[in-house]
$ cat query24.cif   # mmCIF, C-alpha atoms and all ligand atoms
data_upload
loop_
_atom_site.label_atom_id
_atom_site.label_comp_id
_atom_site.auth_asym_id
_atom_site.auth_seq_id
_atom_site.Cartn_x
_atom_site.Cartn_y
_atom_site.Cartn_z
CA MET A 1 24.71 11.93 12.62
CA SER A 2 23.30 13.51 9.48
CA SER A 3 19.95 15.26 9.74
CA VAL A 4 18.78 13.33 6.67
CA ILE A 5 17.53 9.88 7.66
CA LEU A 6 16.18 8.73 4.29
CA GLU A 7 17.09 9.89 0.83
CA THR A 8 16.16 8.85 -2.67
CA ARG A 9 18.18 9.88 -5.70
CA ASN A 10 16.48 9.84 -9.06
CA LEU A 11 14.30 6.94 -8.03
CA THR A 12 12.56 5.46 -11.06
CA LYS A 13 10.20 2.54 -11.57
CA GLU A 14 8.96 1.42 -14.92
CA PHE A 15 6.29 -1.20 -15.50
CA LYS A 16 6.55 -2.54 -19.04
CA GLY A 17 7.44 0.83 -20.49
CA PHE A 18 5.11 2.83 -18.22
CA THR A 19 7.00 5.06 -15.81
CA ALA A 20 5.13 5.03 -12.48
CA VAL A 21 7.89 6.79 -10.51
CA ASN A 22 10.06 9.13 -12.52
CA GLY A 23 13.36 10.41 -11.13
CA VAL A 24 12.12 11.17 -7.62
CA SER A 25 14.70 12.71 -5.29
CA LEU A 26 13.44 12.99 -1.76
CA GLN A 27 15.04 13.84 1.56
CA VAL A 28 13.38 12.98 4.85
CA GLN A 29 14.78 14.90 7.83
CA ARG A 30 15.29 13.10 11.14
CA GLY A 31 12.52 13.93 13.59
CA HIS A 32 10.09 15.13 10.93
CA ILE A 33 6.62 14.00 10.01
CA HIS A 34 6.90 14.00 6.23
CA ALA A 35 3.96 13.35 3.92
CA LEU A 36 3.89 12.06 0.39
CA ILE A 37 0.75 13.30 -1.30
CA GLY A 38 -0.62 13.56 -4.83
CA PRO A 39 -3.67 12.77 -6.90
CA ASN A 40 -4.67 9.21 -7.71
CA GLY A 41 -2.13 7.45 -9.87
CA ALA A 42 0.64 9.91 -8.90
CA GLY A 43 2.98 7.08 -7.88
CA LYS A 44 2.75 7.33 -4.07
CA THR A 45 2.12 3.63 -3.45
CA THR A 46 4.78 2.60 -5.95
CA CYS A 47 7.21 4.95 -4.23
CA PHE A 48 6.35 3.45 -0.83
CA ASN A 49 6.78 -0.05 -2.21
CA LEU A 50 10.21 0.91 -3.50
CA LEU A 51 11.21 2.37 -0.13
CA THR A 52 10.09 -0.75 1.72
CA LYS A 53 11.69 -3.01 -0.87
CA PHE A 54 8.48 -4.64 -2.04
CA LEU A 55 9.47 -3.43 -5.48
CA VAL A 56 12.91 -3.17 -7.06
CA PRO A 57 13.64 0.21 -8.68
CA THR A 58 14.45 0.36 -12.39
CA SER A 59 17.12 2.94 -11.56
CA GLY A 60 18.11 5.35 -8.84
CA GLN A 61 19.26 4.96 -5.26
CA ILE A 62 17.80 4.75 -1.76
CA LEU A 63 19.93 5.70 1.23
CA PHE A 64 19.08 5.16 4.90
CA ASN A 65 21.34 6.95 7.36
CA GLY A 66 23.74 7.45 4.47
CA ASN A 67 23.94 3.73 3.64
CA ASP A 68 22.86 2.55 0.22
CA ILE A 69 19.90 0.21 0.79
CA THR A 70 18.79 0.07 -2.85
CA ALA A 71 19.51 -3.66 -3.04
CA ALA A 72 18.45 -4.56 0.52
CA LYS A 73 15.62 -7.00 1.24
CA PRO A 74 12.50 -6.03 3.25
CA ALA A 75 13.64 -8.02 6.31
CA GLN A 76 17.06 -6.34 6.23
CA ILE A 77 15.67 -2.82 6.27
CA ALA A 78 13.22 -3.80 9.01
CA ARG A 79 16.21 -4.89 11.10
CA MET A 80 17.81 -1.50 10.39
CA GLY A 81 14.74 0.17 11.86
CA VAL A 82 12.63 1.03 8.81
CA ILE A 83 9.20 -0.30 9.73
CA ARG A 84 6.11 -0.01 7.57
CA SER A 85 2.88 -0.14 9.51
CA PHE A 86 0.92 -2.04 6.94
CA GLN A 87 3.56 -4.80 6.93
CA ILE A 88 2.45 -5.77 10.40
CA SER A 89 -1.14 -4.68 10.00
CA ALA A 90 -1.63 -8.35 9.35
CA VAL A 91 -2.40 -8.47 13.05
CA PHE A 92 -3.78 -11.80 14.18
CA PRO A 93 -7.54 -11.15 14.34
CA HIS A 94 -8.32 -13.93 16.80
CA LEU A 95 -5.64 -13.01 19.32
CA THR A 96 -6.18 -10.29 21.87
CA VAL A 97 -4.85 -6.79 21.41
CA LEU A 98 -2.22 -7.43 24.12
CA GLN A 99 -1.10 -10.67 22.47
CA ASN A 100 -0.65 -8.88 19.15
CA VAL A 101 1.61 -6.25 20.71
CA ARG A 102 3.63 -9.00 22.39
CA ILE A 103 4.26 -10.50 18.96
CA GLY A 104 5.73 -7.17 17.85
CA LEU A 105 7.99 -7.23 20.92
CA GLN A 106 9.08 -10.80 20.19
CA ARG A 107 9.98 -9.77 16.66
CA GLN A 108 12.07 -6.93 18.04
CA LEU A 109 13.83 -9.33 20.40
CA GLY A 110 14.54 -11.61 17.45
CA THR A 111 12.52 -14.50 18.84
CA SER A 112 10.15 -15.86 16.30
CA PHE A 113 6.49 -16.08 17.12
CA ASN A 114 5.42 -19.49 18.28
CA PHE A 115 1.81 -20.34 19.02
CA TRP A 116 2.86 -23.01 21.52
CA GLN A 117 5.09 -20.80 23.62
CA SER A 118 4.04 -20.94 27.25
CA GLU A 119 1.91 -18.11 28.55
CA ARG A 120 4.36 -17.87 31.44
CA SER A 121 7.32 -16.95 29.23
CA LEU A 122 5.20 -14.63 27.10
CA SER A 123 3.78 -12.84 30.12
CA GLN A 124 7.24 -11.40 30.78
CA LEU A 125 6.47 -9.08 27.88
CA ASN A 126 3.20 -7.86 29.38
CA GLY A 127 4.71 -4.85 31.15
CA ARG A 128 6.22 -3.35 27.99
CA ALA A 129 3.17 -4.32 25.91
CA MET A 130 0.88 -2.50 28.36
CA GLU A 131 3.13 0.59 28.21
CA LEU A 132 2.79 0.61 24.44
CA LEU A 133 -0.98 0.17 24.63
CA ALA A 134 -1.12 3.11 27.04
CA GLU A 135 0.91 5.19 24.57
CA VAL A 136 -1.69 4.61 21.86
CA ASP A 137 -4.67 4.89 24.26
CA LEU A 138 -5.73 1.26 23.92
CA THR A 139 -5.35 0.13 27.53
CA GLU A 140 -9.07 -0.58 27.81
CA PHE A 141 -8.87 -2.97 24.82
CA ALA A 142 -5.90 -5.05 26.07
CA ASP A 143 -7.98 -8.20 26.56
CA THR A 144 -10.32 -7.63 23.62
CA VAL A 145 -10.06 -10.11 20.79
CA THR A 146 -8.71 -7.96 17.96
CA VAL A 147 -11.51 -8.76 15.51
CA ASP A 148 -14.01 -7.35 18.03
CA MET A 149 -12.28 -3.98 18.31
CA PRO A 150 -13.88 -0.99 16.55
CA TYR A 151 -12.37 -0.43 13.05
CA GLY A 152 -11.19 3.06 13.93
CA ARG A 153 -8.99 1.72 16.74
CA LYS A 154 -7.20 -0.89 14.64
CA ARG A 155 -4.77 1.67 13.24
CA ALA A 156 -3.78 2.48 16.81
CA LEU A 157 -3.01 -1.21 17.34
CA GLU A 158 -0.95 -1.27 14.14
CA ILE A 159 0.94 1.76 15.41
CA ALA A 160 1.54 0.04 18.77
CA THR A 161 2.89 -3.10 17.09
CA THR A 162 5.09 -0.89 14.90
CA LEU A 163 6.39 0.93 17.98
CA ALA A 164 7.12 -2.43 19.60
CA MET A 165 9.71 -2.95 16.88
CA GLU A 166 11.47 0.27 17.87
CA PRO A 167 11.40 1.93 14.48
CA GLU A 168 13.92 4.59 13.62
CA LEU A 169 11.73 5.48 10.66
CA MET A 170 8.01 4.67 10.63
CA LEU A 171 6.30 4.42 7.29
CA LEU A 172 2.54 4.87 7.50
CA ASP A 173 0.46 3.94 4.50
CA GLU A 174 -2.71 6.06 4.42
CA PRO A 175 -3.26 5.91 8.17
CA THR A 176 -6.72 7.49 8.07
CA GLN A 177 -8.09 5.60 5.06
CA GLY A 178 -11.73 4.58 5.37
CA MET A 179 -12.27 6.38 8.67
CA GLY A 180 -14.98 8.71 9.87
CA HIS A 181 -14.31 12.21 11.10
CA GLU A 182 -13.86 11.31 14.77
CA ASP A 183 -11.43 8.46 14.09
CA VAL A 184 -9.46 10.61 11.62
CA HIS A 185 -9.04 13.17 14.38
CA ARG A 186 -8.01 10.51 16.90
CA VAL A 187 -5.42 8.94 14.55
CA THR A 188 -4.05 12.36 13.61
CA GLU A 189 -3.53 13.21 17.28
CA LEU A 190 -1.96 9.81 17.85
CA ILE A 191 0.53 10.27 15.01
CA LYS A 192 1.48 13.64 16.47
CA LYS A 193 1.95 12.06 19.90
CA VAL A 194 4.08 9.10 18.79
CA SER A 195 6.16 11.27 16.46
CA VAL A 196 8.00 12.82 19.39
CA GLY A 197 11.59 11.64 19.09
CA ARG A 198 10.79 9.60 15.99
CA THR A 199 10.65 10.11 12.21
CA ILE A 200 7.52 9.37 10.21
CA LEU A 201 6.99 9.24 6.46
CA MET A 202 3.39 8.78 5.44
CA VAL A 203 1.27 8.54 2.35
CA GLU A 204 -1.94 10.42 2.99
CA HIS A 205 -4.90 11.62 0.95
CA ASN A 206 -6.60 13.65 3.63
CA MET A 207 -5.25 17.22 3.31
CA LYS A 208 -6.61 18.14 6.72
CA VAL A 209 -4.47 15.44 8.36
CA VAL A 210 -1.41 16.59 6.45
CA SER A 211 -2.02 20.28 7.21
CA GLY A 212 -2.20 19.75 10.95
CA ILE A 213 0.84 17.61 11.65
CA CYS A 214 3.37 17.49 8.81
CA ASP A 215 6.67 19.33 8.88
CA LYS A 216 7.23 18.75 5.18
CA ILE A 217 5.10 17.67 2.26
CA SER A 218 6.26 16.24 -1.05
CA VAL A 219 3.70 16.34 -3.84
CA LEU A 220 3.90 13.78 -6.62
CA GLN A 221 2.16 14.06 -9.96
CA ARG A 222 2.39 11.51 -12.76
CA GLY A 223 5.33 9.87 -11.02
CA ALA A 224 7.42 13.01 -10.65
CA MET A 225 7.99 15.52 -7.88
CA LEU A 226 5.71 18.50 -8.44
CA ALA A 227 6.40 20.55 -5.32
CA GLU A 228 7.84 20.32 -1.83
CA GLY A 229 7.65 22.40 1.32
CA SER A 230 5.48 23.20 4.31
CA TYR A 231 1.72 22.85 4.08
CA ALA A 232 1.44 26.63 3.64
CA GLU A 233 3.90 26.47 0.75
CA VAL A 234 2.44 23.55 -1.16
CA SER A 235 -1.18 24.53 -0.58
CA SER A 236 -0.56 27.95 -2.09
CA ASN A 237 1.27 26.49 -5.08
CA ALA A 238 -0.82 27.01 -8.22
CA GLN A 239 0.44 23.80 -9.88
CA VAL A 240 -0.47 21.74 -6.81
CA MET A 241 -3.94 23.23 -6.67
CA GLU A 242 -4.43 22.51 -10.34
CA ALA A 243 -3.21 18.91 -9.94
CA TYR A 244 -5.72 18.32 -7.16
CA MET A 245 -8.61 20.04 -8.90
CA GLY A 246 -7.97 17.98 -11.99
CA SER A 247 -7.93 14.67 -10.13
P1 LIG A 301 -0.96 6.31 -6.25
O1 LIG A 301 -0.61 5.48 -5.06
O2 LIG A 301 -0.39 7.69 -6.19
O3 LIG A 301 -2.44 6.34 -6.52
P2 LIG A 301 0.33 4.19 -7.75
O4 LIG A 301 1.74 4.18 -7.30
O5 LIG A 301 -0.59 3.16 -7.21
O6 LIG A 301 -0.29 5.65 -7.53
O7 LIG A 301 0.28 4.06 -9.34
C1 LIG A 301 1.01 4.91 -10.20
C2 LIG A 301 0.79 4.47 -11.62
O8 LIG A 301 1.50 3.26 -11.83
C3 LIG A 301 -0.66 4.20 -11.95
O9 LIG A 301 -0.92 4.68 -13.26
C4 LIG A 301 -0.77 2.71 -11.89
O10 LIG A 301 -1.76 2.23 -12.77
C5 LIG A 301 0.62 2.26 -12.34
N1 LIG A 301 0.99 0.99 -11.71
C6 LIG A 301 1.14 0.75 -10.38
N2 LIG A 301 1.51 -0.54 -10.18
C7 LIG A 301 1.61 -1.11 -11.39
C8 LIG A 301 1.96 -2.44 -11.87
N3 LIG A 301 2.29 -3.40 -11.02
N4 LIG A 301 1.94 -2.65 -13.21
C9 LIG A 301 1.62 -1.67 -14.06
N5 LIG A 301 1.29 -0.41 -13.71
C10 LIG A 301 1.28 -0.14 -12.39
#

$ encode --input "query24.cif" --output "structure tokens" --more "lines below"
Ligand code: ADP
Amino acid sequence: MSSVILETRNLTKEFKGFTAVNGVSLQVQRGHIHALIGPNGAGKTTCFNLLTKFLVPTSGQILFNGNDITAAKPAQIARMGVIRSFQISAVFPHLTVLQNVRIGLQRQLGTSFNFWQSERSLSQLNGRAMELLAEVDLTEFADTVTVDMPYGRKRALEIATTLAMEPELMLLDEPTQGMGHEDVHRVTELIKKVSVGRTILMVEHNMKVVSGICDKISVLQRGAMLAEGSYAEVSSNAQVMEAYMGS
């Protein structure tokens, strides 16, 4: 199996003549935590939306495990194992944390979620759901109604429901957005923990998060690739520093 799990070739997205993503060629290595960073308006979100098929590229190609997925639909790539956390961050706020993870497991098993399903049949999933909650340190919240959980722990639930779907590639969209220092630290540690044996591509603003855990960083500016490399490499790149200072 190739070491490259996801690749883009000259990926381009234009909005009515404005080029938001401009010829981006990206390679994500299997087993890496790879970050997509850049100042506001750099094209990170557009790029993510292209990768997860929420947007159709104007030109260019996207390959997953060597297969061209440029024309695939979001549900198709999810079945292939490309799971975006925010897609399922629409967790059901009035269900418990455990019930939300069970929904992720049902999706993985291909059984659609049904509010009227008997608790007895659903409880067969409890064992695996509790394992996943333990993995993301949420055991104590299993029976908490999701809306009552502290904000900083909701990302951990999103990660658990993503893991329930057995992702080959996890896409995390600004996992520490809106969090205080302590929660940022907790989520950073969690990403490091769940990355073992998995591949993660994330959009992230917080340089501290990126510096601590990422194997590779791609820096976008005005839709194009400005620099790529380790944190040490990109953070010492004069053009990158200038791009960030100017933002
Ligand atoms: P980032 O996530 O790096 O902040 P975005 O991908 O959100 O950047 O945006 C990149 C550029 O594309 C911005 O200038 C933004 O205004 C523009 N853009 C994004 N989405 C659209 C859209 N649907 N229509 C027009 N312009 C858009």

$ atom_distance --input "query24.cif" --atom1 "atom CA of Ile33 of chain A" --atom2 "atom CA of Ile200 of chain A"
4.7 Å

$ closest_residue --input "query24.cif" --among "A:Leu122, A:Ile213, A:Met241, A:Ala71" --to "Leu226 of chain A" --atoms "all atoms listed in the file"
A:Met241

$ residues_around --input "query24.cif" --residues "segment 174-179 of chain A" --least-positions-apart "2" --cutoff "10 Å" --atoms "all atoms listed in the file" --output "ChimeraX atom specification"
/A:35-37,45,85-86,151-153,155-156,158-159,171-172,181-188,191,202-206,209

$ residues_around --input "query24.cif" --residues "Glu166 of chain A" --least-positions-apart "2" --cutoff "8 Å" --atoms "all atoms listed in the file" --output "JSON, numbers by chain"
{"A": [81, 108, 162, 163, 164, 168]}

$ residues_around --input "query24.cif" --residues "Met130 of chain A" --least-positions-apart "2" --cutoff "10 Å" --atoms "all atoms listed in the file" --output "ChimeraX atom specification"
/A:97-98,101-102,125-128,132-136,138-139,142,160

$ residues_near_ligand --input "query24.cif" --ligand "ligand LIG 301 (chain A)" --cutoff "6 Å" --atoms "all atoms listed in the file" --output "number ranges by chain"
A: 15, 20, 40-46

$ write_last_selection --input "query24.cif" --atoms "C-alpha atoms" --output "PDB file, in the frame of the given file"
ATOM      1  CA  PHE A  15       6.290  -1.200 -15.500  1.00  0.00           C
ATOM      2  CA  ALA A  20       5.130   5.030 -12.480  1.00  0.00           C
ATOM      3  CA  ASN A  40      -4.670   9.210  -7.710  1.00  0.00           C
ATOM      4  CA  GLY A  41      -2.130   7.450  -9.870  1.00  0.00           C
ATOM      5  CA  ALA A  42       0.640   9.910  -8.900  1.00  0.00           C
ATOM      6  CA  GLY A  43       2.980   7.080  -7.880  1.00  0.00           C
ATOM      7  CA  LYS A  44       2.750   7.330  -4.070  1.00  0.00           C
ATOM      8  CA  THR A  45       2.120   3.630  -3.450  1.00  0.00           C
ATOM      9  CA  THR A  46       4.780   2.600  -5.950  1.00  0.00           C
TER      10      THR A  46
END

$ closest_residue --input "query24.cif" --among "A:Gln106, A:Asn100, A:Thr161, A:Ser121" --to "Thr144 of chain A" --atoms "only C-alpha atoms"
A:Asn100

$ closest_residue --input "query24.cif" --among "A:Val240, A:Cys47, A:Val4, A:Leu105" --to "Val24 of chain A" --atoms "all atoms listed in the file"
A:Cys47

$ closest_residue --input "query24.cif" --among "A:Ala227, A:Leu190, A:Val91, A:Ile217" --to "Gln29 of chain A" --atoms "all atoms listed in the file"
A:Ile217

$ closest_residue --input "query24.cif" --among "A:Val28, A:Met1, A:Val21, A:Leu50" --to "Ser218 of chain A" --atoms "all atoms listed in the file"
A:Val28

$ residues_near_point --input "query24.cif" --point "(12.0, 16.1, -7.4)" --cutoff "9 Å" --atoms "only C-alpha atoms" --output "mmCIF file with C-alpha atoms, in the coordinates of the input"
data_model
loop_
_atom_site.group_PDB
_atom_site.id
_atom_site.type_symbol
_atom_site.label_atom_id
_atom_site.label_comp_id
_atom_site.auth_asym_id
_atom_site.auth_seq_id
_atom_site.Cartn_x
_atom_site.Cartn_y
_atom_site.Cartn_z
ATOM 1 C CA ARG A 9 18.180 9.880 -5.700
ATOM 2 C CA ASN A 10 16.480 9.840 -9.060
ATOM 3 C CA ASN A 22 10.060 9.130 -12.520
ATOM 4 C CA GLY A 23 13.360 10.410 -11.130
ATOM 5 C CA VAL A 24 12.120 11.170 -7.620
ATOM 6 C CA SER A 25 14.700 12.710 -5.290
ATOM 7 C CA LEU A 26 13.440 12.990 -1.760
ATOM 8 C CA SER A 218 6.260 16.240 -1.050
ATOM 9 C CA LEU A 220 3.900 13.780 -6.620
ATOM 10 C CA ALA A 224 7.420 13.010 -10.650
ATOM 11 C CA MET A 225 7.990 15.520 -7.880
ATOM 12 C CA LEU A 226 5.710 18.500 -8.440
ATOM 13 C CA ALA A 227 6.400 20.550 -5.320
ATOM 14 C CA GLU A 228 7.840 20.320 -1.830
#

$ residues_near_point --input "query24.cif" --point "(-6.3, -14.3, 25.0)" --cutoff "7 Å" --atoms "all atoms listed in the file" --output "list in words"
Leu95, Thr96, Gln99 and Asp143 of chain A

$ closest_residue --input "query24.cif" --among "A:Ser235, A:Thr8, A:Thr199, A:Ser123" --to "Thr70 of chain A" --atoms "all atoms listed in the file"
A:Thr8

$ residues_around --input "query24.cif" --residues "Ile77 of chain A" --least-positions-apart "5" --cutoff "12 Å" --atoms "all atoms listed in the file" --output "PyMOL selection string"
chain A and resi 6+50-54+62-65+67-72+82-84+167-171

$ atom_distance --input "query24.cif" --atom1 "atom CA of Lys192 of chain A" --atom2 "atom CA of Gly104 of chain A"
21.3 Å

$ axis_aligned_box --input "query24.cif" --around "segment 171-190 of chain A" --padding-each-side "8 Å" --output "lines of an AutoDock Vina configuration file"
center_x = -4.3
center_y = 8.6
center_z = 11.1
size_x = 37.3
size_y = 25.3
size_z = 29.4
